[in-house]
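Structure file my_file.txt; described as compact mmCIF, C-alpha atoms.
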```
# COMPACT_ATOMS: atom_id res chain seq x y z
CA MET O 1 10.42 -4.51 -29.77
CA VAL O 2 8.13 -5.93 -27.09
CA ARG O 3 10.05 -4.05 -24.40
CA HIS O 4 9.69 -0.84 -26.39
CA GLN O 5 5.95 -1.38 -26.72
CA ASP O 6 5.59 -2.17 -23.03
CA GLU O 7 7.46 1.03 -22.26
CA ALA O 8 5.02 2.95 -24.44
CA GLY O 9 2.14 1.62 -22.34
CA ARG O 10 3.92 2.37 -19.08
CA SER O 11 4.63 5.92 -20.18
CA GLU O 12 0.90 6.52 -20.52
CA LEU O 13 0.30 5.28 -16.97
CA ARG O 14 3.27 7.25 -15.65
CA ALA O 15 1.88 10.41 -17.24
CA ALA O 16 -1.36 9.95 -15.29
CA HIS O 17 0.62 9.52 -12.07
CA ALA O 18 2.96 12.41 -12.82
CA GLY O 19 0.07 14.86 -12.70
CA GLN O 20 -0.35 14.18 -8.99
CA GLY O 21 3.03 15.63 -7.99
CA ALA O 22 1.62 18.56 -6.02
CA LEU O 23 -0.58 16.31 -3.90
CA LEU O 24 2.32 13.94 -3.26
CA TRP O 25 4.41 16.86 -2.05
CA ALA O 26 1.61 17.74 0.35
CA VAL O 27 1.56 14.16 1.66
CA GLY O 28 5.34 14.28 2.07
CA ILE O 29 5.20 17.54 4.04
CA PHE O 30 2.39 16.23 6.25
CA SER O 31 4.42 13.05 6.82
CA VAL O 32 7.40 15.10 8.05
CA PHE O 33 5.34 16.80 10.74
CA ALA O 34 3.34 13.67 11.58
CA ASN O 35 6.52 11.70 12.21
CA LEU O 36 8.08 14.51 14.23
CA LEU O 37 4.96 14.58 16.39
CA LEU O 38 5.46 10.88 17.12
CA PHE O 39 8.15 11.96 19.57
CA THR O 40 5.32 13.37 21.72
CA GLY O 41 4.61 10.10 23.52
CA PRO O 42 8.21 9.18 24.39
CA LEU O 43 9.02 12.73 25.51
CA TYR O 44 5.89 12.81 27.68
CA MET O 45 6.91 9.53 29.31
CA LEU O 46 10.41 10.86 29.85
CA GLN O 47 9.14 14.03 31.54
CA VAL O 48 6.58 12.21 33.70
CA TYR O 49 9.03 9.63 35.03
CA ASP O 50 12.05 11.89 35.43
CA ARG O 51 10.52 15.26 36.30
CA VAL O 52 6.92 14.97 37.49
CA LEU O 53 7.37 11.97 39.77
CA GLY O 54 10.60 13.40 41.15
CA SER O 55 9.19 16.86 41.85
CA GLN O 56 5.66 15.71 42.89
CA SER O 57 4.35 18.71 40.91
CA GLU O 58 0.71 18.38 39.82
CA SER O 59 0.82 21.68 37.92
CA THR O 60 3.72 20.40 35.80
CA LEU O 61 1.77 17.22 35.04
CA ALA O 62 -1.31 19.24 34.08
CA ALA O 63 0.68 21.53 31.76
CA LEU O 64 2.40 18.60 30.09
CA THR O 65 -0.91 16.78 29.64
CA VAL O 66 -2.60 19.79 28.02
CA LEU O 67 0.37 20.17 25.68
CA ILE O 68 0.40 16.54 24.54
CA VAL O 69 -3.38 16.56 23.99
CA ALA O 70 -2.91 19.42 21.51
CA LEU O 71 0.05 17.68 19.88
CA PHE O 72 -1.79 14.36 19.55
CA LEU O 73 -4.78 16.12 18.01
CA ALA O 74 -2.48 17.74 15.47
CA MET O 75 -0.86 14.37 14.71
CA GLY O 76 -4.26 12.75 14.24
CA PHE O 77 -5.36 15.48 11.88
CA LEU O 78 -2.17 15.14 9.81
CA ASP O 79 -2.55 11.35 9.63
CA TYR O 80 -6.16 11.69 8.53
CA ALA O 81 -5.33 14.38 5.98
CA ARG O 82 -2.50 12.52 4.27
CA GLY O 83 -4.56 9.33 4.10
CA ARG O 84 -7.45 11.18 2.47
CA ILE O 85 -5.10 12.91 0.03
CA LEU O 86 -3.64 9.57 -1.09
CA ALA O 87 -7.15 8.16 -1.53
CA ARG O 88 -8.06 11.13 -3.73
CA ILE O 89 -4.91 10.68 -5.78
CA GLY O 90 -6.03 7.13 -6.54
CA ALA O 91 -9.53 8.34 -7.40
CA ARG O 92 -8.16 11.03 -9.73
CA ILE O 93 -5.92 8.54 -11.51
CA GLN O 94 -8.82 6.15 -11.97
CA ASP O 95 -11.10 8.92 -13.22
CA GLN O 96 -8.42 10.13 -15.63
CA LEU O 97 -7.78 6.66 -17.08
CA ASP O 98 -11.28 5.14 -16.91
CA ARG O 99 -12.43 6.21 -20.37
CA ARG O 100 -9.10 5.39 -22.02
CA VAL O 101 -8.85 1.94 -20.42
CA PHE O 102 -12.48 1.11 -21.16
CA SER O 103 -12.10 2.18 -24.80
CA ALA O 104 -8.89 0.16 -25.20
CA ALA O 105 -10.53 -2.91 -23.66
CA MET O 106 -13.53 -2.64 -25.99
CA GLN O 107 -11.33 -2.30 -29.06
CA ARG O 108 -9.14 -5.22 -28.00
CA LEU O 109 -12.11 -7.49 -27.24
CA THR O 110 -13.49 -6.81 -30.72
CA LEU O 111 -10.36 -8.42 -32.21
CA ALA O 112 -9.52 -10.90 -29.41
CA PRO O 113 -12.62 -11.75 -27.32
CA GLN O 114 -10.60 -14.05 -25.03
CA ASP O 115 -7.87 -11.53 -24.17
CA GLY O 116 -7.50 -11.68 -20.39
CA ASP O 117 -5.83 -8.29 -20.07
CA ALA O 118 -8.75 -6.60 -21.79
CA GLN O 119 -11.40 -8.50 -19.81
CA SER O 120 -9.87 -7.53 -16.48
CA ALA O 121 -8.91 -3.98 -17.47
CA GLN O 122 -11.36 -2.10 -15.22
CA ARG O 123 -10.64 -4.39 -12.25
CA ASP O 124 -6.92 -3.77 -12.77
CA LEU O 125 -7.47 -0.04 -12.70
CA GLU O 126 -9.44 -0.44 -9.48
CA ALA O 127 -6.55 -2.46 -7.99
CA ILE O 128 -4.21 0.49 -8.61
CA GLN O 129 -6.75 2.84 -7.05
CA ARG O 130 -7.05 0.59 -3.98
CA LEU O 131 -3.26 0.66 -3.56
CA TRP O 132 -3.34 4.43 -3.26
CA ALA O 133 -6.09 4.24 -0.65
CA SER O 134 -4.37 1.49 1.38
CA PRO O 135 -2.21 2.07 4.50
CA VAL O 136 0.85 0.55 2.81
CA LEU O 137 1.70 3.81 1.01
CA LEU O 138 1.63 5.67 4.30
CA ALA O 139 4.08 3.07 5.60
CA LEU O 140 6.36 3.81 2.65
CA PHE O 141 6.28 7.51 3.55
CA ASP O 142 7.11 6.63 7.16
CA MET O 143 9.95 4.18 6.46
CA PRO O 144 12.60 6.87 5.80
CA TRP O 145 12.06 8.00 9.40
CA THR O 146 12.96 4.60 10.85
CA PRO O 147 16.73 5.41 11.04
CA LEU O 148 15.92 8.63 12.93
CA PHE O 149 13.90 6.77 15.56
CA ILE O 150 16.63 4.15 15.93
CA PHE O 151 19.21 6.94 16.29
CA ALA O 152 17.06 8.42 19.06
CA VAL O 153 17.22 5.05 20.84
CA PHE O 154 21.02 5.21 20.55
CA VAL O 155 20.89 8.62 22.23
CA PHE O 156 19.24 7.06 25.28
CA ASN O 157 21.60 4.07 25.44
CA PHE O 158 24.10 2.49 23.05
CA TRP O 159 23.10 -1.14 23.72
CA LEU O 160 19.41 -0.39 23.34
CA GLY O 161 20.26 1.14 19.96
CA VAL O 162 22.16 -1.98 18.96
CA LEU O 163 19.18 -4.14 19.89
CA ALA O 164 16.81 -1.91 17.91
CA THR O 165 19.13 -1.97 14.86
CA VAL O 166 19.45 -5.76 14.89
CA GLY O 167 15.69 -6.11 15.23
CA GLY O 168 15.08 -3.72 12.35
CA VAL O 169 17.50 -5.59 10.08
CA LEU O 170 15.80 -8.90 10.87
CA LEU O 171 12.37 -7.44 10.10
CA VAL O 172 13.63 -6.10 6.76
CA ILE O 173 14.94 -9.59 5.93
CA VAL O 174 11.52 -11.04 6.75
CA ALA O 175 9.90 -8.43 4.48
CA ILE O 176 12.21 -9.32 1.59
CA LEU O 177 11.51 -13.04 2.04
CA ASN O 178 7.79 -12.31 2.11
CA GLN O 179 8.01 -10.39 -1.15
CA ARG O 180 10.02 -13.06 -2.93
CA MET O 181 7.99 -16.03 -1.74
CA THR O 182 4.50 -14.61 -2.23
CA SER O 183 4.74 -12.43 -5.35
CA ALA O 184 4.79 -15.24 -7.94
CA SER O 185 2.11 -17.28 -6.18
CA LEU O 186 -0.12 -14.25 -5.72
CA GLY O 187 0.15 -13.44 -9.42
CA GLN O 188 -1.04 -16.96 -10.29
CA VAL O 189 -3.91 -16.71 -7.82
CA THR O 190 -4.99 -13.38 -9.30
CA SER O 191 -4.92 -14.87 -12.78
CA ARG O 192 -7.00 -17.88 -11.69
CA GLY O 193 -9.50 -15.64 -9.95
CA ALA O 194 -9.83 -13.43 -13.02
CA ARG O 195 -10.39 -16.52 -15.19
CA ALA O 196 -13.15 -17.73 -12.90
CA ASP O 197 -14.76 -14.28 -12.88
CA ARG O 198 -14.68 -14.09 -16.67
CA MET O 199 -16.31 -17.50 -16.94
CA SER O 200 -18.98 -16.45 -14.46
CA ASP O 201 -19.70 -13.25 -16.38
CA LEU O 202 -19.95 -15.19 -19.64
CA ILE O 203 -22.38 -17.73 -18.17
CA LYS O 204 -24.57 -14.93 -16.79
CA LEU O 205 -24.47 -13.09 -20.10
CA GLU O 206 -25.53 -16.19 -22.01
CA ALA O 207 -27.87 -17.45 -19.27
CA GLU O 208 -30.86 -17.83 -21.61
CA SER O 209 -28.91 -19.88 -24.17
CA VAL O 210 -27.24 -22.00 -21.49
CA GLN O 211 -30.60 -22.94 -19.95
CA ALA O 212 -32.30 -23.49 -23.31
CA LEU O 213 -29.56 -25.90 -24.43
CA GLY O 214 -29.58 -27.80 -21.15
CA MET O 215 -25.97 -26.84 -20.39
CA THR O 216 -26.57 -25.38 -16.93
CA LYS O 217 -24.97 -28.23 -14.96
CA ALA O 218 -21.98 -28.54 -17.32
CA ALA O 219 -21.40 -24.76 -17.25
CA PHE O 220 -21.63 -24.69 -13.46
CA ASP O 221 -19.22 -27.62 -13.19
CA ARG O 222 -16.61 -25.88 -15.35
CA TRP O 223 -17.00 -22.67 -13.38
CA GLN O 224 -16.75 -24.58 -10.09
CA VAL O 225 -13.45 -26.16 -11.16
CA ALA O 226 -11.97 -22.75 -12.01
CA ARG O 227 -13.38 -21.24 -8.83
CA SER O 228 -12.02 -24.04 -6.64
CA ALA O 229 -8.55 -23.69 -8.16
CA ALA O 230 -8.57 -19.94 -7.46
CA LEU O 231 -9.87 -20.48 -3.92
CA GLU O 232 -7.28 -23.15 -3.15
CA GLY O 233 -4.48 -20.89 -4.36
CA ALA O 234 -5.86 -17.92 -2.41
CA VAL O 235 -5.96 -19.96 0.80
CA SER O 236 -2.39 -21.17 0.22
CA VAL O 237 -1.07 -17.66 -0.43
CA GLY O 238 -3.07 -16.32 2.49
CA ASP O 239 -1.53 -18.92 4.78
CA LEU O 240 1.96 -17.99 3.62
CA GLY O 241 1.35 -14.28 3.99
CA GLY O 242 -0.28 -14.85 7.36
CA LYS O 243 2.83 -16.67 8.57
CA PHE O 244 5.04 -13.74 7.67
CA SER O 245 2.62 -11.25 9.23
CA ALA O 246 2.43 -13.27 12.44
CA ILE O 247 6.22 -13.64 12.57
CA THR O 248 6.69 -9.91 12.04
CA LYS O 249 4.11 -8.87 14.62
CA THR O 250 5.29 -11.38 17.24
CA PHE O 251 8.93 -10.48 16.74
CA ARG O 252 8.22 -6.74 17.01
CA MET O 253 6.31 -7.26 20.27
CA PHE O 254 9.14 -9.45 21.57
CA LEU O 255 11.65 -6.72 20.73
CA GLN O 256 9.64 -4.18 22.70
CA SER O 257 9.70 -6.49 25.72
CA ALA O 258 13.38 -7.25 25.17
CA ILE O 259 14.29 -3.59 25.08
CA LEU O 260 12.33 -3.07 28.31
CA GLY O 261 14.27 -5.90 29.93
CA LEU O 262 17.61 -4.60 28.71
CA GLY O 263 16.58 -1.07 29.67
CA ALA O 264 15.69 -2.24 33.17
CA LEU O 265 19.17 -3.73 33.47
CA MET O 266 20.68 -0.43 32.36
CA VAL O 267 18.56 1.42 34.93
CA LEU O 268 19.65 -0.94 37.71
CA GLU O 269 23.28 -0.36 36.75
CA GLY O 270 22.73 3.41 36.74
CA HIS O 271 23.35 3.95 33.00
CA MET O 272 19.93 5.51 32.26
CA SER O 273 16.69 6.64 33.89
CA ALA O 274 13.38 4.79 34.05
CA GLY O 275 11.75 7.42 31.83
CA ALA O 276 14.41 6.92 29.16
CA MET O 277 13.79 3.18 29.29
CA ILE O 278 10.06 3.60 28.56
CA ALA O 279 10.70 6.24 25.90
CA ALA O 280 13.23 4.00 24.12
CA SER O 281 10.71 1.14 24.06
CA ILE O 282 8.06 3.36 22.47
CA LEU O 283 10.51 4.73 19.90
CA MET O 284 11.65 1.28 18.84
CA GLY O 285 8.07 0.12 18.37
CA ARG O 286 7.39 3.17 16.21
CA ALA O 287 10.57 2.63 14.20
CA LEU O 288 9.59 -0.93 13.28
CA GLN O 289 5.88 -0.34 12.73
CA PRO O 290 6.14 0.70 9.03
CA VAL O 291 8.00 -2.52 8.21
CA GLU O 292 5.34 -4.61 9.92
CA GLN O 293 2.60 -2.68 8.13
CA ALA O 294 4.26 -3.18 4.75
CA VAL O 295 4.55 -6.94 5.31
CA GLY O 296 0.89 -7.17 6.29
CA GLN O 297 -0.29 -5.20 3.24
CA TRP O 298 2.10 -6.67 0.69
CA ALA O 299 -0.67 -8.57 -1.13
CA THR O 300 -2.22 -5.23 -2.09
CA VAL O 301 1.11 -4.06 -3.52
CA THR O 302 1.57 -7.26 -5.54
CA ARG O 303 -1.94 -7.08 -7.01
CA ALA O 304 -1.39 -3.47 -8.02
CA MET O 305 1.96 -4.30 -9.64
CA ASP O 306 0.38 -7.13 -11.66
CA ALA O 307 -2.49 -4.85 -12.64
CA TYR O 308 -0.02 -2.15 -13.72
CA ARG O 309 1.80 -4.65 -15.93
CA ARG O 310 -1.40 -5.87 -17.60
CA LEU O 311 -2.67 -2.34 -18.20
CA SER O 312 0.68 -1.37 -19.70
CA THR O 313 0.39 -4.25 -22.16
CA LEU O 314 -3.22 -3.39 -23.04
CA LEU O 315 -2.57 0.31 -23.60
CA THR O 316 0.40 -0.59 -25.77
CA VAL O 317 -1.52 -3.06 -27.92
CA VAL O 318 -4.32 -0.52 -28.35
CA PRO O 319 -2.59 2.89 -28.68
CA LYS O 320 -4.41 6.17 -28.61
CA ALA O 321 -6.20 7.08 -31.80
CA ALA O 322 -4.34 9.56 -33.99
CA PRO O 323 -5.82 13.07 -33.90
CA LEU O 324 -8.21 13.79 -36.76
CA THR O 325 -7.52 16.48 -39.30
CA THR O 326 -9.35 19.70 -38.44
CA LEU O 327 -11.60 20.70 -41.31
CA PRO O 328 -12.91 24.20 -41.96
CA ARG O 329 -16.47 24.94 -40.93
CA PRO O 330 -18.76 24.22 -43.92
CA LYS O 331 -20.43 27.21 -45.50
CA ALA O 332 -24.17 27.20 -46.00
CA VAL O 333 -24.20 27.93 -49.76
CA LEU O 334 -27.04 26.69 -51.89
CA GLU O 335 -26.76 26.91 -55.68
CA ALA O 336 -29.41 25.90 -58.18
```
Please rewrite the model in this file as structure tokens.
Amino acid sequence: MVRHQDEAGRSELRAAHAGQGALLWAVGIFSVFANLLLFTGPLYMLQVYDRVLGSQSESTLAALTVLIVALFLAMGFLDYARGRILARIGARIQDQLDRRVFSAAMQRLTLAPQDGDAQSAQRDLEAIQRLWASPVLLALFDMPWTPLFIFAVFVFNFWLGVLATVGGVLLVIVAILNQRMTSASLGQVTSRGARADRMSDLIKLEAESVQALGMTKAAFDRWQVARSAALEGAVSVGDLGGKFSAITKTFRMFLQSAILGLGALMVLEGHMSAGAMIAASILMGRALQPVEQAVGQWATVTRAMDAYRRLSTLLTVVPKAAPLTTLPRPKAVLEA
């Protein structure tokens, strides 16, 4: 029964998200071209090292440079456009649900003034909106392209492709560990922070009564205990997330150096050109960047998931009001 009710609340949130399908398709199309344009840098390096330096042609260098300037401008525009579209999707979802969530919270607080889901309802909706505006969703759109970039590394050299694949698998493992080890703790920290915020709001609301009754110090002490617990948990979770982010970033940078070293060995043995070595290094860094970005922004995802769960529960407990019966327009008839 509880699962059915939770599903009823989720369906209301899913309906708000489902209306953004056209904009999501636009983001997907922009992502296709933006990721294809990411081959601009590696191909430019390949042409400069293998063609321009070999032919000593300044006109070829100038033509290539003008071409990549145009391509990079197009890529920048597409990146900017898809980021702004996602931000507007979040704003539209918040605007569509604001009145409904606020009304449900007010009705719930009338019956249960201490209900945490109702007290944090608007902040939860803002957490979902912030997820849409964050870079992590762009990383999710870019992740499906990671196999293509790794395949391109294989085209340059088999062993460089093997190194890129192993590095990508290890980064995915780190991302999974980060999700499993931080999600539960982050949910507790969010709950503690919300409790401290509710206590602060209550003290401010009843400031006159608190001061008149001489309860200022006691109220501040209780709030400080809740605030300290939330702060301690936030620091602990931040340390854990920071470790994973540092590991991911350091390992990705090491892989780029490792692929340069291995590529240099392949060049010395005559298996590939110097331009291909540089291009493969750039491609591997681009292939692993979405994973690193997702690990660094995972706290935003976890907060949004917790907020989604609480809003689902609230909207289920307080369903939409049934439509009223439409009555005929009254006639202005006066009889005496």
Which one of O:Leu73, O:Leu327, O:Leu86, O:Leu205 sits closest to Ala26 (chain O) if you count all atoms listed in the file?
O:Leu86
Write out as a PyMOL selection string each polymer residue whose atoms come within 9 Å of Tyr49 (chain O), counting all atoms listed in the file; drop sequence neighbours fewer than 2 positions from it.
chain O and resi 44-47+51-54+273-276+278
How far is it from CA of Met266 (chain O) to CA of Ala63 (chain O), in Å with one decimal?
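Between these atoms lies a distance of 29.7 Å.
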Enter the distance from CA of Tyr80 (chain O) to CA of Pro290 (chain O), in Å, rounded to one decimal.
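Separating CA of Tyr80 (chain O) from CA of Pro290 (chain O) is a distance of 16.5 Å.
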May I ask for the distance between CA of Val267 (chain O) and CA of Glu58 (chain O), given in Å to one decimal place?
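CA of Glu58 (chain O) lies 25.1 Å from CA of Val267 (chain O).
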Each residue of region 204-309 of chain O lying at most 7 Å from region 166-182 of chain O should get a row with its shortest atom-to-atom pair and the distance in Å to one decimal, counting only C-alpha atoms; could you produce that, ordered by chain and increasing number, as a Markdown table?
```
| residue | atom | partner | partner_atom | distance |
| --- | --- | --- | --- | --- |
| O:Val237 | CA | O:Thr182 | CA | 6.6 |
| O:Gly241 | CA | O:Thr182 | CA | 7.0 |
| O:Phe244 | CA | O:Asn178 | CA | 6.4 |
| O:Thr248 | CA | O:Leu171 | CA | 6.5 |
| O:Leu255 | CA | O:Gly167 | CA | 6.9 |
| O:Leu288 | CA | O:Gly168 | CA | 6.2 |
| O:Val291 | CA | O:Val172 | CA | 6.8 |
| O:Val295 | CA | O:Ala175 | CA | 5.6 |
```
For Trp159 (chain O), please output as a PyMOL selection string all residues within 10 Å (counting all atoms listed in the file; exclusion window: fewer than 5 positions along the same chain).
chain O and resi 153-154+164-165+259+262-263+266
Take the residues from that selection and write them out as a CSV table (one decimal), keeping the file's coordinate frame, keeping C-alpha atoms.
```csv
chain,number,residue,atom,x,y,z
O,153,VAL,CA,17.2,5.0,20.8
O,154,PHE,CA,21.0,5.2,20.6
O,164,ALA,CA,16.8,-1.9,17.9
O,165,THR,CA,19.1,-2.0,14.9
O,259,ILE,CA,14.3,-3.6,25.1
O,262,LEU,CA,17.6,-4.6,28.7
O,263,GLY,CA,16.6,-1.1,29.7
O,266,MET,CA,20.7,-0.4,32.4
```
Take every atom of region 86-103 of chain O listed in the file, pad by 5 Å on each side, and give me the axis-aligned box centre and edge lengths in Å, one decimal, as JSON.
```
{"center_x": -8.1, "center_y": 6.1, "center_z": -12.9, "size_x": 18.8, "size_y": 20.0, "size_z": 33.7}
```
Excluding region 102-115 of chain O and any residue of its chain fewer than 5 positions from it, enumerate the residues within 7 Å of it, using all atoms listed in the file, and give them as a PDB file with C-alpha atoms, keeping the file's coordinate frame.
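Output below, filename selection02.pdb:
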```
ATOM      1  CA  ALA O 121      -8.910  -3.980 -17.470  1.00  0.00           C
ATOM      2  CA  GLN O 122     -11.360  -2.100 -15.220  1.00  0.00           C
ATOM      3  CA  LEU O 315      -2.570   0.310 -23.600  1.00  0.00           C
ATOM      4  CA  VAL O 318      -4.320  -0.520 -28.350  1.00  0.00           C
TER       5      VAL O 318
END
```
Among listed residues O:Gly270, O:Gly9, O:Gly296, O:Gly285, nearest Val101 (chain O) (using all atoms listed in the file)
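Distance minimum relative to Val101 (chain O) lands on O:Gly9.
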When you look at Pro135 (chain O) with a cut-off of 8 Å (counting all atoms listed in the file), what residues show up, excluding the ones that are within fewer than 3 positions of it in the same chain? I need them as a PyMOL selection string.
chain O and resi 83+138-139+293+297
Include C-alpha atoms and write out the residues we just selected as a PDB file, in the coordinates of the input.
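Full text of again.pdb as output:
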```pdb
ATOM      1  CA  GLY O  83      -4.560   9.330   4.100  1.00  0.00           C
ATOM      2  CA  LEU O 138       1.630   5.670   4.300  1.00  0.00           C
ATOM      3  CA  ALA O 139       4.080   3.070   5.600  1.00  0.00           C
ATOM      4  CA  GLN O 293       2.600  -2.680   8.130  1.00  0.00           C
ATOM      5  CA  GLN O 297      -0.290  -5.200   3.240  1.00  0.00           C
TER       6      GLN O 297
END
```
So that I can check the surroundings of Asp201 (chain O), please list as a PyMOL selection string every protein, DNA and RNA residue that reaches within 12 Å of it, counting all atoms listed in the file and ignoring chain neighbours fewer than 6 positions away.
chain O and resi 119-120+194-195+207+219-220+223
In terms of all atoms listed in the file, the residue from O:Ala279, O:Met75, O:Leu23, O:Ala230 at minimal distance from Val155 (chain O) is O:Ala279
Using all atoms listed in the file - which residues lie no farther than 6 Å from the point (-2.0, 9.1, -9.1) in the file's frame? Write them as a ChimeraX atom specification.
/O:17,20,89-90,93
Quick one: of O:Leu78, O:Val301, O:Leu202, O:Leu311, who's nearest to Leu140 (chain O), counting all atoms listed in the file?
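Among O:Leu78, O:Val301, O:Leu202, O:Leu311, it is O:Val301 that comes nearest to Leu140 (chain O).
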Restricting the calculation to only C-alpha atoms, which member of O:Arg286, O:Ile128, O:Leu240, O:Met277 is positioned closest to Leu260 (chain O)?
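So, comparing all the options, the nearest one is O:Met277.
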Of the listed residues O:Leu231, O:Leu314, O:Ala299, O:Ile150, that which approaches Ala287 (chain O) most closely, counting all atoms listed in the file:
O:Ile150
